[in-house]
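Novice: PDB, C-alpha atoms and all ligand atoms, saved as start-v9.pdb, coming up:
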ATOM      1  CA  TYR A 185      37.248 110.072 -64.882  1.00  0.00           C
ATOM      2  CA  ASP A 186      38.965 112.574 -67.087  1.00  0.00           C
ATOM      3  CA  ASP A 187      42.479 112.571 -65.755  1.00  0.00           C
ATOM      4  CA  VAL A 188      43.672 109.101 -66.727  1.00  0.00           C
ATOM      5  CA  LYS A 189      47.146 109.529 -65.235  1.00  0.00           C
ATOM      6  CA  ASP A 190      45.550 110.375 -61.926  1.00  0.00           C
ATOM      7  CA  SER A 191      43.016 107.468 -61.975  1.00  0.00           C
ATOM      8  CA  ILE A 192      45.383 104.626 -62.880  1.00  0.00           C
ATOM      9  CA  SER A 193      47.724 103.556 -60.095  1.00  0.00           C
ATOM     10  CA  GLN A 194      49.768 101.101 -62.161  1.00  0.00           C
ATOM     11  CA  VAL A 195      50.202  99.989 -65.755  1.00  0.00           C
ATOM     12  CA  LEU A 196      49.759  96.225 -65.525  1.00  0.00           C
ATOM     13  CA  ILE A 197      50.157  95.344 -69.223  1.00  0.00           C
ATOM     14  CA  SER A 198      51.629  97.821 -71.669  1.00  0.00           C
ATOM     15  CA  HIS A 199      50.485  98.450 -75.221  1.00  0.00           C
ATOM     16  CA  GLU A 200      53.629  96.687 -76.497  1.00  0.00           C
ATOM     17  CA  GLU A 201      53.020  93.599 -74.357  1.00  0.00           C
ATOM     18  CA  LEU A 202      49.408  93.488 -75.564  1.00  0.00           C
ATOM     19  CA  ASP A 203      50.507  93.732 -79.201  1.00  0.00           C
ATOM     20  CA  SER A 204      52.912  90.833 -79.038  1.00  0.00           C
ATOM     21  CA  LYS A 205      50.475  88.636 -77.084  1.00  0.00           C
ATOM     22  CA  LEU A 206      47.700  89.397 -79.594  1.00  0.00           C
ATOM     23  CA  ASP A 207      50.065  88.390 -82.427  1.00  0.00           C
ATOM     24  CA  GLU A 208      50.762  85.075 -80.685  1.00  0.00           C
ATOM     25  CA  LEU A 209      47.116  84.313 -79.966  1.00  0.00           C
ATOM     26  CA  ALA A 210      46.031  85.120 -83.531  1.00  0.00           C
ATOM     27  CA  ALA A 211      48.794  82.949 -84.996  1.00  0.00           C
ATOM     28  CA  GLN A 212      47.844  80.001 -82.793  1.00  0.00           C
ATOM     29  CA  ILE A 213      44.134  80.338 -83.562  1.00  0.00           C
ATOM     30  CA  SER A 214      44.813  80.651 -87.315  1.00  0.00           C
ATOM     31  CA  GLN A 215      46.880  77.487 -87.203  1.00  0.00           C
ATOM     32  CA  ASP A 216      44.356  75.520 -85.135  1.00  0.00           C
ATOM     33  CA  TYR A 217      41.365  76.553 -87.269  1.00  0.00           C
ATOM     34  CA  ALA A 218      43.103  76.370 -90.660  1.00  0.00           C
ATOM     35  CA  ASP A 219      41.256  73.183 -91.628  1.00  0.00           C
ATOM     36  CA  VAL A 220      38.055  73.765 -89.651  1.00  0.00           C
ATOM     37  CA  ASP A 221      34.869  74.643 -91.551  1.00  0.00           C
ATOM     38  CA  ASN A 222      32.150  76.965 -90.278  1.00  0.00           C
ATOM     39  CA  LEU A 223      34.229  78.975 -87.847  1.00  0.00           C
ATOM     40  CA  LEU A 224      32.350  81.848 -86.218  1.00  0.00           C
ATOM     41  CA  CYS A 225      34.091  84.323 -83.915  1.00  0.00           C
ATOM     42  CA  ILE A 226      31.825  85.885 -81.313  1.00  0.00           C
ATOM     43  CA  GLY A 227      32.749  88.927 -79.255  1.00  0.00           C
ATOM     44  CA  VAL A 228      30.977  89.545 -75.964  1.00  0.00           C
ATOM     45  CA  LEU A 229      30.162  93.260 -75.886  1.00  0.00           C
ATOM     46  CA  LYS A 230      31.011  95.627 -74.662  1.00  0.00           C
ATOM     47  CA  GLY A 231      34.272  94.506 -73.127  1.00  0.00           C
ATOM     48  CA  ALA A 232      35.465  92.169 -75.859  1.00  0.00           C
ATOM     49  CA  ALA A 233      35.051  94.640 -78.734  1.00  0.00           C
ATOM     50  CA  TYR A 234      38.714  95.627 -78.608  1.00  0.00           C
ATOM     51  CA  THR A 235      39.911  92.030 -78.213  1.00  0.00           C
ATOM     52  CA  LEU A 236      37.737  90.667 -81.035  1.00  0.00           C
ATOM     53  CA  VAL A 237      38.895  93.270 -83.541  1.00  0.00           C
ATOM     54  CA  SER A 238      42.524  93.066 -82.437  1.00  0.00           C
ATOM     55  CA  VAL A 239      42.690  89.286 -82.698  1.00  0.00           C
ATOM     56  CA  THR A 240      40.660  88.729 -85.870  1.00  0.00           C
ATOM     57  CA  ARG A 241      42.542  91.409 -87.825  1.00  0.00           C
ATOM     58  CA  ARG A 242      45.756  89.557 -87.031  1.00  0.00           C
ATOM     59  CA  MET A 243      44.397  86.167 -88.180  1.00  0.00           C
ATOM     60  CA  SER A 244      45.589  84.695 -91.465  1.00  0.00           C
ATOM     61  CA  ILE A 245      42.323  82.827 -92.112  1.00  0.00           C
ATOM     62  CA  SER A 246      38.953  84.334 -92.991  1.00  0.00           C
ATOM     63  CA  THR A 247      36.227  84.266 -90.355  1.00  0.00           C
ATOM     64  CA  PRO A 248      32.757  85.722 -89.959  1.00  0.00           C
ATOM     65  CA  VAL A 249      32.301  87.709 -86.761  1.00  0.00           C
ATOM     66  CA  ASP A 250      29.244  88.437 -84.667  1.00  0.00           C
ATOM     67  CA  PHE A 251      28.527  90.111 -81.364  1.00  0.00           C
ATOM     68  CA  MET A 252      26.371  89.468 -78.363  1.00  0.00           C
ATOM     69  CA  SER A 253      26.033  92.104 -75.690  1.00  0.00           C
ATOM     70  CA  LEU A 254      25.870  90.616 -72.211  1.00  0.00           C
ATOM     71  CA  SER A 255      26.084  92.237 -68.827  1.00  0.00           C
ATOM     72  CA  SER A 256      26.667  90.585 -65.493  1.00  0.00           C
ATOM     73  CA  TYR A 257      28.047  93.621 -63.693  1.00  0.00           C
ATOM     74  CA  GLY A 258      25.601  96.436 -64.236  1.00  0.00           C
ATOM     75  CA  SER A 259      27.553  99.566 -63.489  1.00  0.00           C
ATOM     76  CA  GLY A 260      29.092  98.495 -60.199  1.00  0.00           C
ATOM     77  CA  MET A 261      32.175  96.634 -59.056  1.00  0.00           C
ATOM     78  CA  GLU A 262      30.692  93.217 -58.313  1.00  0.00           C
ATOM     79  CA  SER A 263      29.169  90.646 -60.627  1.00  0.00           C
ATOM     80  CA  SER A 264      25.408  90.471 -60.107  1.00  0.00           C
ATOM     81  CA  HIS A 265      25.233  86.854 -61.268  1.00  0.00           C
ATOM     82  CA  THR A 266      22.302  87.499 -63.511  1.00  0.00           C
ATOM     83  CA  ILE A 267      22.947  87.797 -67.193  1.00  0.00           C
ATOM     84  CA  THR A 268      21.188  90.518 -69.112  1.00  0.00           C
ATOM     85  CA  VAL A 269      21.166  89.977 -72.887  1.00  0.00           C
ATOM     86  CA  ARG A 270      21.438  93.579 -74.075  1.00  0.00           C
ATOM     87  CA  SER A 271      21.523  92.456 -77.712  1.00  0.00           C
ATOM     88  CA  ASP A 272      21.667  89.040 -79.335  1.00  0.00           C
ATOM     89  CA  LEU A 273      23.641  87.499 -82.207  1.00  0.00           C
ATOM     90  CA  THR A 274      22.295  87.882 -85.721  1.00  0.00           C
ATOM     91  CA  THR A 275      23.813  84.530 -86.770  1.00  0.00           C
ATOM     92  CA  ASP A 276      22.261  81.089 -86.327  1.00  0.00           C
ATOM     93  CA  VAL A 277      25.027  79.203 -84.514  1.00  0.00           C
ATOM     94  CA  ALA A 278      23.648  75.717 -85.257  1.00  0.00           C
ATOM     95  CA  GLY A 279      26.464  73.647 -86.764  1.00  0.00           C
ATOM     96  CA  LYS A 280      29.037  76.421 -86.306  1.00  0.00           C
ATOM     97  CA  ASN A 281      32.429  75.996 -84.697  1.00  0.00           C
ATOM     98  CA  VAL A 282      32.218  78.951 -82.362  1.00  0.00           C
ATOM     99  CA  LEU A 283      35.187  80.752 -80.874  1.00  0.00           C
ATOM    100  CA  ILE A 284      34.151  83.147 -78.110  1.00  0.00           C
ATOM    101  CA  LEU A 285      36.467  86.091 -77.569  1.00  0.00           C
ATOM    102  CA  GLU A 286      36.353  87.698 -74.137  1.00  0.00           C
ATOM    103  CA  ASP A 287      38.347  90.436 -72.467  1.00  0.00           C
ATOM    104  CA  ILE A 288      38.381  88.858 -69.018  1.00  0.00           C
ATOM    105  CA  VAL A 289      37.204  85.820 -67.081  1.00  0.00           C
ATOM    106  CA  ASP A 290      36.490  86.825 -63.509  1.00  0.00           C
ATOM    107  CA  SER A 291      33.905  84.731 -61.601  1.00  0.00           C
ATOM    108  CA  GLY A 292      33.337  82.758 -64.821  1.00  0.00           C
ATOM    109  CA  TYR A 293      29.608  83.361 -64.675  1.00  0.00           C
ATOM    110  CA  THR A 294      29.283  85.110 -68.046  1.00  0.00           C
ATOM    111  CA  LEU A 295      31.163  82.447 -70.008  1.00  0.00           C
ATOM    112  CA  ASN A 296      29.610  79.586 -68.092  1.00  0.00           C
ATOM    113  CA  TRP A 297      26.202  80.910 -69.144  1.00  0.00           C
ATOM    114  CA  LEU A 298      27.221  81.671 -72.739  1.00  0.00           C
ATOM    115  CA  ILE A 299      28.897  78.322 -73.437  1.00  0.00           C
ATOM    116  CA  ALA A 300      25.761  76.492 -72.256  1.00  0.00           C
ATOM    117  CA  GLU A 301      23.537  78.820 -74.304  1.00  0.00           C
ATOM    118  CA  LEU A 302      25.541  78.310 -77.535  1.00  0.00           C
ATOM    119  CA  LYS A 303      25.475  74.537 -77.079  1.00  0.00           C
ATOM    120  CA  ARG A 304      21.736  74.719 -76.455  1.00  0.00           C
ATOM    121  CA  ARG A 305      21.446  76.545 -79.797  1.00  0.00           C
ATOM    122  CA  GLY A 306      23.265  73.689 -81.517  1.00  0.00           C
ATOM    123  CA  ALA A 307      26.837  74.937 -81.970  1.00  0.00           C
ATOM    124  CA  ALA A 308      29.078  72.132 -83.261  1.00  0.00           C
ATOM    125  CA  SER A 309      31.886  73.225 -80.949  1.00  0.00           C
ATOM    126  CA  VAL A 310      32.514  76.078 -78.544  1.00  0.00           C
ATOM    127  CA  LYS A 311      35.974  77.302 -77.601  1.00  0.00           C
ATOM    128  CA  VAL A 312      37.113  80.304 -75.626  1.00  0.00           C
ATOM    129  CA  MET A 313      39.825  82.904 -76.006  1.00  0.00           C
ATOM    130  CA  ALA A 314      40.236  85.268 -73.066  1.00  0.00           C
ATOM    131  CA  LEU A 315      42.738  88.079 -72.987  1.00  0.00           C
ATOM    132  CA  LEU A 316      42.837  88.037 -69.172  1.00  0.00           C
ATOM    133  CA  SER A 317      41.960  85.611 -66.408  1.00  0.00           C
ATOM    134  CA  LYS A 318      41.653  86.358 -62.691  1.00  0.00           C
ATOM    135  CA  PRO A 319      41.730  82.839 -61.223  1.00  0.00           C
ATOM    136  CA  GLU A 320      41.458  84.030 -57.609  1.00  0.00           C
ATOM    137  CA  ARG A 321      37.913  85.197 -58.355  1.00  0.00           C
ATOM    138  CA  ARG A 322      36.684  82.035 -60.080  1.00  0.00           C
ATOM    139  CA  GLU A 323      33.354  80.606 -58.901  1.00  0.00           C
ATOM    140  CA  TYR A 324      32.306  78.805 -62.096  1.00  0.00           C
ATOM    141  CA  GLU A 325      34.630  76.478 -63.949  1.00  0.00           C
ATOM    142  CA  VAL A 326      35.310  77.717 -67.469  1.00  0.00           C
ATOM    143  CA  PRO A 327      37.681  76.034 -69.931  1.00  0.00           C
ATOM    144  CA  ILE A 328      39.916  78.703 -71.501  1.00  0.00           C
ATOM    145  CA  ASP A 329      41.441  77.347 -74.705  1.00  0.00           C
ATOM    146  CA  TYR A 330      43.501  80.451 -75.504  1.00  0.00           C
ATOM    147  CA  LEU A 331      44.650  82.732 -72.708  1.00  0.00           C
ATOM    148  CA  GLY A 332      46.564  85.998 -72.895  1.00  0.00           C
ATOM    149  CA  PHE A 333      47.546  86.795 -69.309  1.00  0.00           C
ATOM    150  CA  THR A 334      46.791  85.602 -65.797  1.00  0.00           C
ATOM    151  CA  ILE A 335      46.387  88.630 -63.538  1.00  0.00           C
ATOM    152  CA  PRO A 336      46.121  89.215 -59.784  1.00  0.00           C
ATOM    153  CA  ASN A 337      42.881  90.174 -58.059  1.00  0.00           C
ATOM    154  CA  GLU A 338      42.961  93.895 -58.873  1.00  0.00           C
ATOM    155  CA  PHE A 339      40.284  96.029 -60.511  1.00  0.00           C
ATOM    156  CA  VAL A 340      41.627  96.528 -64.026  1.00  0.00           C
ATOM    157  CA  VAL A 341      40.493  98.823 -66.822  1.00  0.00           C
ATOM    158  CA  GLY A 342      41.514  99.506 -70.399  1.00  0.00           C
ATOM    159  CA  PHE A 343      41.487  97.613 -73.696  1.00  0.00           C
ATOM    160  CA  GLY A 344      37.715  97.083 -73.324  1.00  0.00           C
ATOM    161  CA  MET A 345      37.459  96.866 -69.566  1.00  0.00           C
ATOM    162  CA  ASP A 346      35.506  99.554 -67.803  1.00  0.00           C
ATOM    163  CA  TYR A 347      34.491 101.209 -64.611  1.00  0.00           C
ATOM    164  CA  ASN A 348      31.056 102.818 -65.078  1.00  0.00           C
ATOM    165  CA  ASP A 349      31.635 102.519 -68.845  1.00  0.00           C
ATOM    166  CA  HIS A 350      34.791 104.634 -68.678  1.00  0.00           C
ATOM    167  CA  TYR A 351      38.408 103.724 -69.490  1.00  0.00           C
ATOM    168  CA  ARG A 352      37.545 101.051 -72.103  1.00  0.00           C
ATOM    169  CA  ASN A 353      39.405 103.024 -74.759  1.00  0.00           C
ATOM    170  CA  LEU A 354      42.771 103.012 -72.978  1.00  0.00           C
ATOM    171  CA  ASP A 355      45.400 101.249 -75.067  1.00  0.00           C
ATOM    172  CA  PHE A 356      46.909  99.390 -72.098  1.00  0.00           C
ATOM    173  CA  ILE A 357      45.637  97.481 -69.066  1.00  0.00           C
ATOM    174  CA  GLY A 358      45.857  99.481 -65.866  1.00  0.00           C
ATOM    175  CA  VAL A 359      44.892  99.094 -62.227  1.00  0.00           C
ATOM    176  CA  LEU A 360      42.178 101.556 -61.236  1.00  0.00           C
ATOM    177  CA  ASP A 361      43.180 103.649 -58.249  1.00  0.00           C
ATOM    178  CA  PRO A 362      40.805 102.797 -55.373  1.00  0.00           C
ATOM    179  CA  LYS A 363      40.157 106.495 -54.809  1.00  0.00           C
ATOM    180  CA  VAL A 364      38.144 106.515 -58.039  1.00  0.00           C
ATOM    181  CA  TYR A 365      35.539 104.124 -56.590  1.00  0.00           C
ATOM    182  CA  ALA A 366      35.858 105.009 -52.899  1.00  0.00           C
ATOM    183  CA  ASN A 367      32.728 106.526 -51.243  1.00  0.00           C
TER     184      ASN A 367
HETATM  185  C1  LIG B 401      32.741  91.971 -67.759  1.00  0.00           C
HETATM  186  C2  LIG B 401      33.792  91.379 -68.671  1.00  0.00           C
HETATM  187  C3  LIG B 401      33.326  89.963 -68.869  1.00  0.00           C
HETATM  188  C4  LIG B 401      32.668  89.635 -67.547  1.00  0.00           C
HETATM  189  C5  LIG B 401      33.593  88.808 -66.691  1.00  0.00           C
HETATM  190  O1  LIG B 401      31.613  92.322 -68.524  1.00  0.00           O
HETATM  191  O2  LIG B 401      33.836  92.082 -69.899  1.00  0.00           O
HETATM  192  O3  LIG B 401      32.376  89.884 -69.895  1.00  0.00           O
HETATM  193  O4  LIG B 401      32.419  90.906 -66.884  1.00  0.00           O
HETATM  194  O5  LIG B 401      33.043  88.607 -65.406  1.00  0.00           O
HETATM  195  P1  LIG B 401      32.511  87.205 -64.897  1.00  0.00           P
HETATM  196  O6  LIG B 401      33.531  86.167 -65.247  1.00  0.00           O
HETATM  197  O7  LIG B 401      32.414  87.395 -63.396  1.00  0.00           O
HETATM  198  O8  LIG B 401      31.181  86.968 -65.522  1.00  0.00           O
HETATM  199  P2  LIG B 401      30.462  93.271 -67.930  1.00  0.00           P
HETATM  200  O9  LIG B 401      29.368  92.457 -67.355  1.00  0.00           O
HETATM  201  O10 LIG B 401      31.097  94.286 -67.029  1.00  0.00           O
HETATM  202  O11 LIG B 401      29.878  93.981 -69.220  1.00  0.00           O
HETATM  203  P3  LIG B 401      30.739  94.842 -70.275  1.00  0.00           P
HETATM  204  O12 LIG B 401      31.557  93.877 -71.077  1.00  0.00           O
HETATM  205  O13 LIG B 401      29.737  95.559 -71.091  1.00  0.00           O
HETATM  206  O14 LIG B 401      31.613  95.770 -69.461  1.00  0.00           O
HETATM  207 MN    MN B 402      31.953  91.818 -70.794  1.00  0.00          MN
HETATM  208 MG    MG B 403      31.943  95.945 -67.442  1.00  0.00          MG
END
Any chance you could give the structure as structure tokens?
Specialist:
Amino acid sequence: YDDVKDSISQVLISHEELDSKLDELAAQISQDYADVDNLLCIGVLKGAAYTLVSVTRRMSISTPVDFMSLSSYGSGMESSHTITVRSDLTTDVAGKNVLILEDIVDSGYTLNWLIAELKRRGAASVKVMALLSKPERREYEVPIDYLGFTIPNEFVVGFGMDYNDHYRNLDFIGVLDPKVYAN
């Protein structure tokens, strides 16, 4: 894992492109929620940690934040289609206008599950911001209210996205060289 230059075959989205998209998304969200009470921003750990911090720090309105740690992938390449709640929110979402921040929507399973769960807990509204979407992989319909980038069906890492928990800390989105996960 150590040699990043050797593990990443292509830079898909540069640090600069991420910065300007994050500015845009935060401005739009700030405008849309300016007159909305009880906003709560939720980041889906671990992947969305970078996105949640990057977007909320750019917002011009105040918002509480909370985290829920969910896993649908385990450590492998393919979604297992069972959600493991690794740790739950500390906030009661009843009556809250929830904005979920995610790094990527792939099959849609994670968000499909989470949206239903938040509504079951009594959220007043649930909207979604996703930095990336891979529509070719979609199996569950998920409404994405704020989207950063649509990407092709490549295994991407960086800015929160991992392979075996590595590469999340990269400050750009890159395509993982298949030799890293071969054999
Ligand atoms: C990844 C990613 C999304 C989810 C998207 O999380 O961060 O949360 O998968 O895939 P889906 O649309 O097919 O559900 P992962 O389960 O790998 O956990 P992590 O965020 O801790 O890496
Ligand atoms: Mn995730
Ligand atoms: Mg992962």
Novice: Would you name the residues within 6 Å of ligand LIG 401 (chain B), counting all atoms listed in the file, and put them as a PDB file with C-alpha atoms, keeping the file's coordinate frame?
Specialist:
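Saved to pocket_20.pdb:
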ATOM      1  CA  LEU A 229      30.162  93.260 -75.886  1.00  0.00           C
ATOM      2  CA  LYS A 230      31.011  95.627 -74.662  1.00  0.00           C
ATOM      3  CA  GLY A 231      34.272  94.506 -73.127  1.00  0.00           C
ATOM      4  CA  SER A 255      26.084  92.237 -68.827  1.00  0.00           C
ATOM      5  CA  SER A 256      26.667  90.585 -65.493  1.00  0.00           C
ATOM      6  CA  TYR A 257      28.047  93.621 -63.693  1.00  0.00           C
ATOM      7  CA  SER A 263      29.169  90.646 -60.627  1.00  0.00           C
ATOM      8  CA  ASP A 287      38.347  90.436 -72.467  1.00  0.00           C
ATOM      9  CA  ILE A 288      38.381  88.858 -69.018  1.00  0.00           C
ATOM     10  CA  VAL A 289      37.204  85.820 -67.081  1.00  0.00           C
ATOM     11  CA  ASP A 290      36.490  86.825 -63.509  1.00  0.00           C
ATOM     12  CA  SER A 291      33.905  84.731 -61.601  1.00  0.00           C
ATOM     13  CA  GLY A 292      33.337  82.758 -64.821  1.00  0.00           C
ATOM     14  CA  TYR A 293      29.608  83.361 -64.675  1.00  0.00           C
ATOM     15  CA  THR A 294      29.283  85.110 -68.046  1.00  0.00           C
ATOM     16  CA  MET A 345      37.459  96.866 -69.566  1.00  0.00           C
ATOM     17  CA  ASP A 346      35.506  99.554 -67.803  1.00  0.00           C
TER      18      ASP A 346
END
Novice: Just the number, please: distance in Å from atom CA of Leu302 of chain A to atom CA of Ile284 of chain A, one decimal.
Specialist: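 Going from atom CA of Leu302 of chain A over to atom CA of Ile284 of chain A covers 9.9 Å.
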Novice: With only C-alpha atoms counted, which protein, DNA or RNA residues have an atom no more than 9 Å from (32.2, 76.2, -64.1) in the file frame? Please answer as number ranges by chain.
Specialist: A: 292-293, 295-296, 322-327
Novice: Can you write out the residues you just picked, keeping C-alpha atoms, as a compact mmCIF listing (two decimals), keeping the file's coordinate frame?
Specialist:
# COMPACT_ATOMS: atom_id res chain seq x y z
CA GLY A 292 33.34 82.76 -64.82
CA TYR A 293 29.61 83.36 -64.68
CA LEU A 295 31.16 82.45 -70.01
CA ASN A 296 29.61 79.59 -68.09
CA ARG A 322 36.68 82.04 -60.08
CA GLU A 323 33.35 80.61 -58.90
CA TYR A 324 32.31 78.81 -62.10
CA GLU A 325 34.63 76.48 -63.95
CA VAL A 326 35.31 77.72 -67.47
CA PRO A 327 37.68 76.03 -69.93
Novice: I need the output of the PyMOL selection byres (((chain A and resi 198-213) around 10) and not hetatm) for this file as a PyMOL selection string; which residues are they?
Specialist: chain A and resi 195-197+214-218+235+238-245+283+313-315+329-333+343+354-358
Novice: Using C-alpha atoms, can you write the selected residues to a file as a compact mmCIF listing (two decimals), keeping the file's coordinate frame?
Specialist:
# COMPACT_ATOMS: atom_id res chain seq x y z
CA VAL A 195 50.20 99.99 -65.76
CA LEU A 196 49.76 96.22 -65.53
CA ILE A 197 50.16 95.34 -69.22
CA SER A 214 44.81 80.65 -87.32
CA GLN A 215 46.88 77.49 -87.20
CA ASP A 216 44.36 75.52 -85.14
CA TYR A 217 41.36 76.55 -87.27
CA ALA A 218 43.10 76.37 -90.66
CA THR A 235 39.91 92.03 -78.21
CA SER A 238 42.52 93.07 -82.44
CA VAL A 239 42.69 89.29 -82.70
CA THR A 240 40.66 88.73 -85.87
CA ARG A 241 42.54 91.41 -87.82
CA ARG A 242 45.76 89.56 -87.03
CA MET A 243 44.40 86.17 -88.18
CA SER A 244 45.59 84.70 -91.46
CA ILE A 245 42.32 82.83 -92.11
CA LEU A 283 35.19 80.75 -80.87
CA MET A 313 39.83 82.90 -76.01
CA ALA A 314 40.24 85.27 -73.07
CA LEU A 315 42.74 88.08 -72.99
CA ASP A 329 41.44 77.35 -74.70
CA TYR A 330 43.50 80.45 -75.50
CA LEU A 331 44.65 82.73 -72.71
CA GLY A 332 46.56 86.00 -72.90
CA PHE A 333 47.55 86.80 -69.31
CA PHE A 343 41.49 97.61 -73.70
CA LEU A 354 42.77 103.01 -72.98
CA ASP A 355 45.40 101.25 -75.07
CA PHE A 356 46.91 99.39 -72.10
CA ILE A 357 45.64 97.48 -69.07
CA GLY A 358 45.86 99.48 -65.87
Novice: Please identify all polymer residues within 10 Å of Asp276 of chain A, counting all atoms listed in the file, omitting same-chain residues fewer than 4 positions from it, and present them as a list in words.
Specialist: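 So, after excluding close chain neighbours, the residues are Lys280, Leu302, Arg305, Gly306 and Ala307 of chain A.
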Novice: Record the distance separating atom CA of His265 of chain A and atom CA of Ser191 of chain A, expressed in Å with one decimal.
Specialist: 27.2 Å
Novice: With only C-alpha atoms as the counted atoms, please give the residues lying no more than 9 Å from Leu360 of chain A, apart from itself and same-chain residues fewer than 5 positions off, as an MDAnalysis selection string.
Specialist: chainID A and resid 191:194 338:341 347 365
Novice: Write the residues of the selection above to a file with C-alpha atoms, as a compact mmCIF listing (two decimals), keeping the file's coordinate frame.
Specialist:
# COMPACT_ATOMS: atom_id res chain seq x y z
CA SER A 191 43.02 107.47 -61.98
CA ILE A 192 45.38 104.63 -62.88
CA SER A 193 47.72 103.56 -60.10
CA GLN A 194 49.77 101.10 -62.16
CA GLU A 338 42.96 93.90 -58.87
CA PHE A 339 40.28 96.03 -60.51
CA VAL A 340 41.63 96.53 -64.03
CA VAL A 341 40.49 98.82 -66.82
CA TYR A 347 34.49 101.21 -64.61
CA TYR A 365 35.54 104.12 -56.59
Novice: Separation of atom CA of Asp361 of chain A and atom CA of Lys189 of chain A, in Å?
Specialist: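 Atom-to-atom, atom CA of Asp361 of chain A to atom CA of Lys189 of chain A, that is 10.0 Å.
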Novice: To test your reading of the syntax: which residues would the PyMOL selection byres (((chain A and resi 248) around 7) and not hetatm) return for the file shown? Reply as an MDAnalysis selection string.
Specialist: chainID A and resid 224:225 247 249:250
Novice: Could you rebuild segment 273-291 of chain A with N, CA and C atoms and give it back as a JSON list (two decimals), keeping the file's coordinate frame?
Specialist:
[["chain", "number", "residue", "atom", "x", "y", "z"],
["A", 273, "LEU", "N", 22.99, 87.78, -80.93],
["A", 273, "LEU", "CA", 23.64, 87.50, -82.21],
["A", 273, "LEU", "C", 22.65, 87.66, -83.34],
["A", 274, "THR", "N", 23.17, 87.92, -84.55],
["A", 274, "THR", "CA", 22.30, 87.88, -85.72],
["A", 274, "THR", "C", 22.50, 86.59, -86.50],
["A", 275, "THR", "N", 23.46, 85.76, -86.07],
["A", 275, "THR", "CA", 23.81, 84.53, -86.77],
["A", 275, "THR", "C", 23.19, 83.33, -86.06],
["A", 276, "ASP", "N", 22.69, 82.37, -86.88],
["A", 276, "ASP", "CA", 22.26, 81.09, -86.33],
["A", 276, "ASP", "C", 23.52, 80.26, -86.08],
["A", 277, "VAL", "N", 23.77, 79.89, -84.84],
["A", 277, "VAL", "CA", 25.03, 79.20, -84.51],
["A", 277, "VAL", "C", 24.94, 77.69, -84.70],
["A", 278, "ALA", "N", 23.78, 77.17, -85.08],
["A", 278, "ALA", "CA", 23.65, 75.72, -85.26],
["A", 278, "ALA", "C", 24.68, 75.23, -86.27],
["A", 279, "GLY", "N", 25.46, 74.22, -85.88],
["A", 279, "GLY", "CA", 26.46, 73.65, -86.76],
["A", 279, "GLY", "C", 27.76, 74.44, -86.88],
["A", 280, "LYS", "N", 27.83, 75.59, -86.21],
["A", 280, "LYS", "CA", 29.04, 76.42, -86.31],
["A", 280, "LYS", "C", 30.09, 76.01, -85.27],
["A", 281, "ASN", "N", 31.34, 76.15, -85.66],
["A", 281, "ASN", "CA", 32.43, 76.00, -84.70],
["A", 281, "ASN", "C", 32.73, 77.38, -84.14],
["A", 282, "VAL", "N", 32.21, 77.60, -82.93],
["A", 282, "VAL", "CA", 32.22, 78.95, -82.36],
["A", 282, "VAL", "C", 33.47, 79.16, -81.53],
["A", 283, "LEU", "N", 34.11, 80.30, -81.75],
["A", 283, "LEU", "CA", 35.19, 80.75, -80.87],
["A", 283, "LEU", "C", 34.71, 82.03, -80.20],
["A", 284, "ILE", "N", 34.55, 81.97, -78.88],
["A", 284, "ILE", "CA", 34.15, 83.15, -78.11],
["A", 284, "ILE", "C", 35.40, 83.94, -77.77],
["A", 285, "LEU", "N", 35.35, 85.24, -77.99],
["A", 285, "LEU", "CA", 36.47, 86.09, -77.57],
["A", 285, "LEU", "C", 36.00, 86.99, -76.44],
["A", 286, "GLU", "N", 36.71, 86.91, -75.32],
["A", 286, "GLU", "CA", 36.35, 87.70, -74.14],
["A", 286, "GLU", "C", 37.55, 88.53, -73.69],
["A", 287, "ASP", "N", 37.26, 89.63, -73.03],
["A", 287, "ASP", "CA", 38.35, 90.44, -72.47],
["A", 287, "ASP", "C", 38.86, 89.82, -71.17],
["A", 288, "ILE", "N", 37.94, 89.36, -70.32],
["A", 288, "ILE", "CA", 38.38, 88.86, -69.02],
["A", 288, "ILE", "C", 37.42, 87.80, -68.47],
["A", 289, "VAL", "N", 37.99, 86.79, -67.83],
["A", 289, "VAL", "CA", 37.20, 85.82, -67.08],
["A", 289, "VAL", "C", 37.47, 86.09, -65.61],
["A", 290, "ASP", "N", 36.39, 86.44, -64.91],
["A", 290, "ASP", "CA", 36.49, 86.82, -63.51],
["A", 290, "ASP", "C", 35.84, 85.70, -62.69],
["A", 291, "SER", "N", 34.57, 85.84, -62.30],
["A", 291, "SER", "CA", 33.90, 84.73, -61.60],
["A", 291, "SER", "C", 33.69, 83.54, -62.54]]
